[in-house]
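Trainee: So that you have it, the file is data.txt, and it contains compact mmCIF, C-alpha atoms:
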```txt
# COMPACT_ATOMS: atom_id res chain seq x y z
CA MET A 342 -2.18 17.33 19.68
CA ASN A 343 -1.71 15.67 16.31
CA ASP A 344 -3.93 12.66 15.57
CA LEU A 345 -2.35 9.21 15.86
CA VAL A 346 -1.35 7.60 12.55
CA SER A 347 -1.05 3.80 12.48
CA ILE A 348 1.53 2.46 10.03
CA ILE A 349 0.73 -1.04 8.74
CA ILE A 350 3.81 -2.99 7.57
CA PRO A 351 3.56 -6.64 6.46
CA TYR A 352 6.92 -8.42 6.55
CA TYR A 353 7.97 -11.37 4.42
CA LYS A 354 11.65 -11.94 3.59
CA LYS A 355 12.68 -8.29 3.14
CA LYS A 356 15.70 -8.29 5.45
CA ILE A 357 18.15 -6.56 3.10
CA PHE A 358 15.79 -3.58 2.60
CA PHE A 359 14.03 -3.35 5.94
CA LYS A 360 16.42 -1.05 7.83
CA LYS A 361 16.15 1.68 5.19
CA THR A 362 12.36 1.38 5.25
CA ILE A 363 12.23 1.73 9.02
CA ASN A 364 14.75 4.58 9.00
CA SER A 365 12.38 6.48 6.73
CA VAL A 366 9.65 6.05 9.35
CA GLN A 367 11.94 7.14 12.17
CA GLN A 368 12.86 10.30 10.22
CA GLN A 369 9.24 11.41 9.75
CA THR A 370 8.65 14.99 10.84
CA TYR A 371 5.16 13.93 11.98
CA LYS A 372 5.81 12.16 15.27
CA ASN A 373 2.51 10.81 16.59
CA LEU A 374 2.89 7.41 14.97
CA GLU A 375 2.46 3.78 15.87
CA ILE A 376 4.10 0.96 13.92
CA ILE A 377 2.18 -2.26 13.48
CA LEU A 378 4.38 -4.88 11.87
CA ILE A 379 2.86 -8.18 10.80
CA TYR A 380 5.50 -10.90 10.58
CA ASP A 381 3.96 -13.06 7.86
CA ASP A 382 6.51 -15.84 7.48
CA SER A 383 6.47 -19.39 8.87
CA ASP A 384 10.30 -19.17 8.90
CA LYS A 385 11.03 -17.19 12.08
CA SER A 386 14.76 -16.66 11.36
CA ASP A 387 14.32 -12.89 10.72
CA LEU A 388 12.25 -12.27 13.83
CA LEU A 389 15.13 -11.38 16.17
CA PHE A 390 16.46 -8.98 13.52
CA ILE A 391 13.03 -7.35 13.23
CA LYS A 392 12.71 -6.88 16.98
CA ARG A 393 16.20 -5.35 17.12
CA VAL A 394 15.44 -2.87 14.33
CA LEU A 395 12.15 -1.83 15.94
CA LYS A 396 13.61 -1.59 19.46
CA LYS A 397 14.04 2.18 19.08
CA PHE A 398 10.25 2.66 18.70
CA VAL A 399 8.20 2.85 21.89
CA ASN A 400 4.83 2.86 20.15
CA LYS A 401 4.82 -0.41 18.23
CA LYS A 402 3.13 -3.78 17.95
CA ILE A 403 4.56 -6.91 16.35
CA ILE A 404 2.02 -9.48 15.21
CA ILE A 405 3.50 -12.91 14.49
CA ASN A 406 1.51 -15.09 12.13
CA LYS A 407 1.91 -18.84 12.66
CA LYS A 408 1.99 -19.33 8.91
CA ASN A 409 2.16 -17.15 5.81
CA LEU A 410 -1.32 -15.67 5.27
CA GLY A 411 -0.49 -13.41 2.33
CA VAL A 412 -0.09 -9.67 2.27
CA GLY A 413 -3.79 -8.78 2.20
CA ARG A 414 -4.82 -10.84 5.22
CA ALA A 415 -1.64 -9.79 7.03
CA ARG A 416 -2.62 -6.13 6.63
CA ASN A 417 -6.12 -6.92 7.88
CA ALA A 418 -4.61 -8.39 11.06
CA GLY A 419 -2.64 -5.18 11.55
CA ILE A 420 -5.67 -2.97 10.94
CA LEU A 421 -7.60 -4.82 13.65
CA LYS A 422 -4.86 -3.94 16.17
CA SER A 423 -4.50 -0.31 15.07
CA ARG A 424 -5.59 2.64 17.24
CA GLY A 425 -4.98 5.57 14.90
CA LYS A 426 -7.55 7.93 13.46
CA PHE A 427 -5.52 7.58 10.25
CA ILE A 428 -3.88 4.52 8.70
CA ALA A 429 -0.84 4.60 6.43
CA PHE A 430 0.37 1.57 4.49
CA LEU A 431 4.05 0.82 3.95
CA ASP A 432 5.60 -2.20 2.29
CA ALA A 433 8.75 -3.48 4.00
CA ASP A 434 11.04 -2.51 1.11
CA ASP A 435 9.66 0.96 0.24
CA ILE A 436 10.90 4.32 1.53
CA TRP A 437 9.07 7.48 2.58
CA HIS A 438 10.11 11.11 2.21
CA LYS A 439 10.64 12.57 5.68
CA ASP A 440 7.66 14.95 5.33
CA LYS A 441 5.29 12.39 3.82
CA ILE A 442 2.91 11.89 6.73
CA LYS A 443 3.02 15.54 7.79
CA GLN A 444 2.14 16.79 4.31
CA GLN A 445 -0.63 14.25 3.75
CA ILE A 446 -2.33 14.73 7.10
CA HIS A 447 -2.19 18.52 6.66
CA PHE A 448 -3.67 18.21 3.15
CA MET A 449 -6.42 15.83 4.26
CA LYS A 450 -7.52 17.97 7.19
CA LYS A 451 -7.41 21.19 5.20
CA ASN A 452 -9.47 19.72 2.35
CA ASN A 453 -11.71 17.40 4.38
CA VAL A 454 -10.43 14.31 2.56
CA SER A 455 -10.70 10.74 3.90
CA PHE A 456 -8.34 9.05 1.40
CA SER A 457 -5.17 10.47 -0.16
CA PHE A 458 -2.28 9.14 -2.22
CA THR A 459 0.79 10.74 -3.79
CA ASN A 460 3.21 10.71 -6.70
CA TYR A 461 6.01 8.18 -6.26
CA SER A 462 9.36 7.15 -7.71
CA ILE A 463 10.05 3.65 -9.01
CA VAL A 464 13.56 2.72 -7.85
CA ASN A 465 15.80 -0.31 -8.21
CA LYS A 466 17.44 -2.25 -5.38
CA ASN A 467 20.14 0.44 -5.15
CA LEU A 468 17.56 3.25 -4.94
CA LYS A 469 18.36 4.54 -8.42
CA VAL A 470 15.27 6.19 -9.87
CA ILE A 471 13.88 4.29 -12.83
CA LYS A 472 10.77 6.38 -13.38
CA GLU A 473 8.66 9.07 -11.71
CA ILE A 474 4.95 8.30 -11.51
CA LYS A 475 2.56 11.25 -11.44
CA VAL A 476 -0.90 10.43 -10.12
CA PRO A 477 -4.25 11.95 -11.11
CA THR A 478 -5.79 14.61 -8.89
CA LYS A 479 -8.68 12.29 -8.13
CA VAL A 480 -9.94 8.86 -9.10
CA SER A 481 -13.42 7.41 -9.46
CA TYR A 482 -14.80 3.90 -9.70
CA ARG A 483 -15.03 4.22 -13.47
CA SER A 484 -11.47 5.50 -13.92
CA LEU A 485 -10.11 2.77 -11.60
CA LEU A 486 -11.69 0.07 -13.75
CA PHE A 487 -9.28 1.00 -16.53
CA ALA A 488 -6.11 1.87 -14.60
CA CYS A 489 -4.79 1.92 -11.05
CA ASN A 490 -2.39 4.75 -10.34
CA ILE A 491 -2.55 4.45 -6.55
CA GLY A 492 0.74 3.31 -5.03
CA LEU A 493 -0.04 1.40 -1.84
CA SER A 494 2.84 2.84 0.20
CA SER A 495 1.63 6.35 -0.65
CA VAL A 496 -1.88 5.85 0.78
CA VAL A 497 -3.14 7.48 3.97
CA LEU A 498 -6.80 7.05 4.87
CA LYS A 499 -9.13 7.51 7.80
CA SER A 500 -9.38 4.28 9.74
CA ASN A 501 -13.19 4.35 9.79
CA LEU A 502 -13.17 3.57 6.05
CA LEU A 503 -11.91 0.09 6.88
CA LYS A 504 -14.57 -0.90 9.39
CA ASN A 505 -16.59 -2.63 6.69
CA ASN A 506 -13.93 -2.97 4.00
CA LYS A 507 -10.92 -5.29 4.10
CA PHE A 508 -8.12 -6.49 1.85
CA SER A 509 -8.83 -9.71 -0.02
CA ALA A 510 -6.73 -12.89 -0.03
CA LEU A 511 -5.56 -12.34 -3.63
CA LYS A 512 -1.81 -12.84 -4.15
CA THR A 513 -1.53 -9.55 -6.06
CA LYS A 514 -3.89 -6.63 -6.70
CA GLU A 515 -5.47 -7.04 -3.25
CA ASP A 516 -5.04 -3.29 -2.81
CA TYR A 517 -6.58 -2.55 -6.22
CA LEU A 518 -9.73 -4.47 -5.27
CA LEU A 519 -10.03 -2.54 -2.00
CA TRP A 520 -9.67 0.79 -3.83
CA LEU A 521 -12.43 -0.30 -6.23
CA GLU A 522 -14.73 -1.23 -3.36
CA LEU A 523 -14.12 2.10 -1.61
CA SER A 524 -14.61 4.09 -4.82
CA LYS A 525 -17.98 2.40 -5.41
CA LYS A 526 -19.11 4.04 -2.17
CA ASN A 527 -18.29 7.47 -3.62
CA ILE A 528 -15.47 8.10 -1.16
CA LYS A 529 -13.38 11.06 -2.25
CA MET A 530 -9.96 9.66 -3.25
CA ILE A 531 -7.53 12.50 -3.92
CA GLY A 532 -4.05 12.42 -5.43
CA ILE A 533 -1.35 14.80 -4.20
CA ASN A 534 1.08 16.08 -6.83
CA ARG A 535 4.20 15.54 -4.72
CA SER A 536 6.60 12.60 -4.93
CA LEU A 537 6.76 11.36 -1.33
CA VAL A 538 7.52 7.64 -1.77
CA SER A 539 10.20 5.48 -3.35
CA TRP A 540 8.64 2.22 -4.53
CA ARG A 541 11.29 -0.47 -4.86
CA LYS A 542 11.04 -2.72 -7.89
CA THR A 543 12.47 -6.16 -7.14
CA ASN A 544 12.59 -9.15 -9.46
CA ASN A 545 11.34 -11.69 -6.92
CA SER A 546 8.32 -9.81 -5.60
CA LEU A 547 4.83 -11.20 -6.18
CA SER A 548 3.78 -7.87 -7.66
CA SER A 549 6.39 -8.32 -10.42
CA SER A 550 4.73 -11.55 -11.67
CA THR A 551 2.91 -10.67 -14.88
CA ILE A 552 0.99 -13.95 -15.09
CA GLN A 553 -0.18 -13.69 -11.49
CA LYS A 554 -1.28 -10.09 -12.04
CA ILE A 555 -3.35 -11.09 -15.07
CA LYS A 556 -4.97 -13.97 -13.17
CA ASP A 557 -5.83 -11.79 -10.21
CA ALA A 558 -7.14 -8.98 -12.41
CA TYR A 559 -9.46 -11.43 -14.15
CA THR A 560 -10.63 -12.73 -10.75
CA ILE A 561 -11.45 -9.18 -9.63
CA TYR A 562 -13.55 -8.41 -12.70
CA SER A 563 -15.28 -11.78 -13.03
CA LYS A 564 -15.74 -12.94 -9.43
CA HIS A 565 -15.82 -9.77 -7.32
CA LEU A 566 -17.40 -7.34 -9.80
CA MET A 567 -19.49 -10.06 -11.49
CA PHE A 568 -18.59 -9.02 -15.04
CA SER A 569 -19.18 -11.40 -17.94
CA PHE A 570 -16.27 -13.35 -19.44
CA ILE A 571 -15.93 -11.03 -22.43
CA LYS A 572 -16.24 -7.89 -20.33
CA SER A 573 -13.69 -9.22 -17.82
CA VAL A 574 -11.18 -10.05 -20.57
CA TYR A 575 -11.70 -6.59 -22.08
CA TYR A 576 -10.94 -4.83 -18.80
CA VAL A 577 -7.92 -7.07 -18.11
CA LEU A 578 -6.47 -6.09 -21.49
CA ILE A 579 -7.06 -2.36 -20.91
CA LEU A 580 -5.70 -2.53 -17.37
CA SER A 581 -2.59 -4.39 -18.59
CA LEU A 582 -1.97 -1.92 -21.41
CA ASN A 583 -2.29 1.04 -19.05
CA PHE A 584 0.08 -0.66 -16.60
CA LEU A 585 2.68 -1.14 -19.34
CA LYS A 586 2.25 2.47 -20.46
CA LYS A 587 2.71 3.74 -16.90
CA ARG A 588 5.80 1.68 -16.19
CA TYR A 589 7.66 1.64 -19.46
CA LEU A 590 6.60 4.59 -21.66
```
How would this structure read if it were set down as structure tokens?
Mentor:
Amino acid sequence: MNDLVSIIIPYYKKKIFFKKTINSVQQQTYKNLEIILIYDDSDKSDLLFIKRVLKKFVNKKIIINKKNLGVGRARNAGILKSRGKFIAFLDADDIWHKDKIKQQIHFMKKNNVSFSFTNYSIVNKNLKVIKEIKVPTKVSYRSLLFACNIGLSSVVLKSNLLKNNKFSALKTKEDYLLWLELSKKNIKMIGINRSLVSWRKTNNSLSSSTIQKIKDAYTIYSKHLMFSFIKSVYYVLILSLNFLKKRYL
């Protein structure tokens, strides 16, 4: 029997996109899945809608946070409740190709890989492709210091990697910090040259805030990696330039 894959989905005010996201999970050709949705909003007005959309799934858990904890801590709450040998992350406005999980699990087992990620498309609110992002075959701690090409909703990893590693409480780049921490442990992180995710670019998302991204990047380098002020500023500049190159060139 196929190994169970736990899908971690934080939810915060994504009602207009959520059905398409969940439909892409329902259409997966890999069927041994559990959905763990973390409702991370103090406003509970979308909760009935969420429960109705997820009603079709037998294997699911809905975690309701009393207040907004932020996406990193919300994912941590979901991870604690997960049962899968593998964990896949999905933001509540992104969309998966129907063979995404099947292809990644097959690749990971065949190549004895604990962490994989894929190419992805950047799309607008109407799912029009803005740009195709091709990821490197593999990343290392050193390469990640300069650029992060790992799309969160493309990641599948073995759950045991997260026993001693968690997402931080940063507003943005919480995933980037986790990838850095895992890469420092020499975990093999392999990119798959197939576009299996549509990443939705929205104007009001935290990840679209340039100032917040810069602040959080500096925090990662200075506080978490203990770099000097000058070294931290240097890496923030390089990371920002590589981000602009990836998205706009």
Trainee: Identify which of the residues A:Tyr371, A:Tyr589, A:Phe456, A:Tyr575 lies closest to Lys439 (chain A), counting all atoms listed in the file when measuring atom-to-atom distances.
Mentor: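 Going through A:Tyr371, A:Tyr589, A:Phe456, A:Tyr575 one by one, the smallest distance to Lys439 (chain A) is for A:Tyr371.
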Trainee: Smallest atom-to-atom distance to Gln368 (chain A): which of A:Lys564, A:Lys356, A:Lys441, A:Lys402, using all atoms listed in the file?
Mentor: A:Lys441
Trainee: Near Leu585 (chain A), counting only C-alpha atoms, which residues have an atom at most 12 Å away, once you skip same-chain residues fewer than 4 positions from it, shown as a list in words?
Mentor: Ala488, Cys489, Asn490, Thr551, Leu578, Ile579, Leu580, Ser581, Tyr589 and Leu590 of chain A
Trainee: Quick one, how far is CA of Lys556 (chain A) from CA of Glu515 (chain A)?
Mentor: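 Computing it gives 12.1 Å between the two atoms.
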Trainee: For CA of Phe508 (chain A) and CA of Pro477 (chain A), determine how far apart the two atoms are, in Å to one decimal place.
Mentor: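 Spanning CA of Phe508 (chain A) to CA of Pro477 (chain A) is a straight-line distance of 22.9 Å.
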Trainee: For Ile348 (chain A), find every residue with an atom within 6 Å (counting only C-alpha atoms), except residues of its own chain fewer than 3 positions away, and show them as a count of residues only.
Mentor: 5
Trainee: Which of these, A:Leu410, A:Leu498, A:Val470, A:Ile363, has the shortest distance to Lys396 (chain A) once you count only C-alpha atoms?
Mentor: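 Nearest candidate to Lys396 (chain A) out of A:Leu410, A:Leu498, A:Val470, A:Ile363: A:Ile363.
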Trainee: Quick one: residues within 9 Å of region 529-539 of chain A, only C-alpha atoms counted, chain neighbours fewer than 5 positions away excluded, as a ChimeraX atom specification?
Mentor: /A:435-442,445,448-449,454-464,468,470,473-481,491-492,494-495,520,523-524
Trainee: I'd like the interatomic distance between CA of Lys542 (chain A) and CA of Ala415 (chain A), to a tenth of an Å.
Mentor: 20.8 Å
Trainee: Which residues, written as number ranges by chain, have at least one atom at most 9 Å from Ile420 (chain A), with all atoms listed in the file counted and residues fewer than 3 positions away on the same chain left out?
Mentor: A: 347, 349, 377, 415-417, 423-424, 428, 500, 503, 507
Trainee: Can you work out which one of A:Phe398, A:Tyr353, A:Tyr380, A:Phe390 has the shortest atom-to-atom distance to Asp434 (chain A), counting all atoms listed in the file?
Mentor: A:Tyr353
Trainee: Counting all atoms listed in the file, which residues sit no farther than 12 Å from the position (-5.8, -13.1, -4.3) in the file's frame? I'd like them as JSON, numbers by chain.
Mentor: {"A": [410, 411, 412, 413, 414, 508, 509, 510, 511, 512, 513, 514, 515, 516, 517, 518, 519, 547, 548, 553, 554, 555, 556, 557, 558, 559, 560, 561, 564, 565]}
Trainee: Excluding Ile391 (chain A) and its own-chain neighbours fewer than 4 positions away, which residues fall within 10 Å of it when counting all atoms listed in the file? Please give them as an mmCIF file with C-alpha atoms, keeping the file's coordinate frame.
Mentor:
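The file below, around.cif, is the result:
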```cif
data_model
loop_
_atom_site.group_PDB
_atom_site.id
_atom_site.type_symbol
_atom_site.label_atom_id
_atom_site.label_comp_id
_atom_site.auth_asym_id
_atom_site.auth_seq_id
_atom_site.Cartn_x
_atom_site.Cartn_y
_atom_site.Cartn_z
ATOM 1 C CA TYR A 352 6.920 -8.420 6.550
ATOM 2 C CA LYS A 356 15.700 -8.290 5.450
ATOM 3 C CA PHE A 359 14.030 -3.350 5.940
ATOM 4 C CA LYS A 360 16.420 -1.050 7.830
ATOM 5 C CA LEU A 378 4.380 -4.880 11.870
ATOM 6 C CA TYR A 380 5.500 -10.900 10.580
ATOM 7 C CA SER A 386 14.760 -16.660 11.360
ATOM 8 C CA ASP A 387 14.320 -12.890 10.720
ATOM 9 C CA LEU A 395 12.150 -1.830 15.940
ATOM 10 C CA LYS A 396 13.610 -1.590 19.460
ATOM 11 C CA ILE A 403 4.560 -6.910 16.350
#
```
Trainee: Please define a box with edges along x, y and z of the file around all atoms of region 506-510 of chain A given in the file, extend it by 6 Å on each side, and return its centre and edge lengths in Å to one decimal, as JSON.
Mentor:
```
{"center_x": -10.3, "center_y": -7.9, "center_z": 2.0, "size_x": 19.2, "size_y": 21.9, "size_z": 16.1}
```
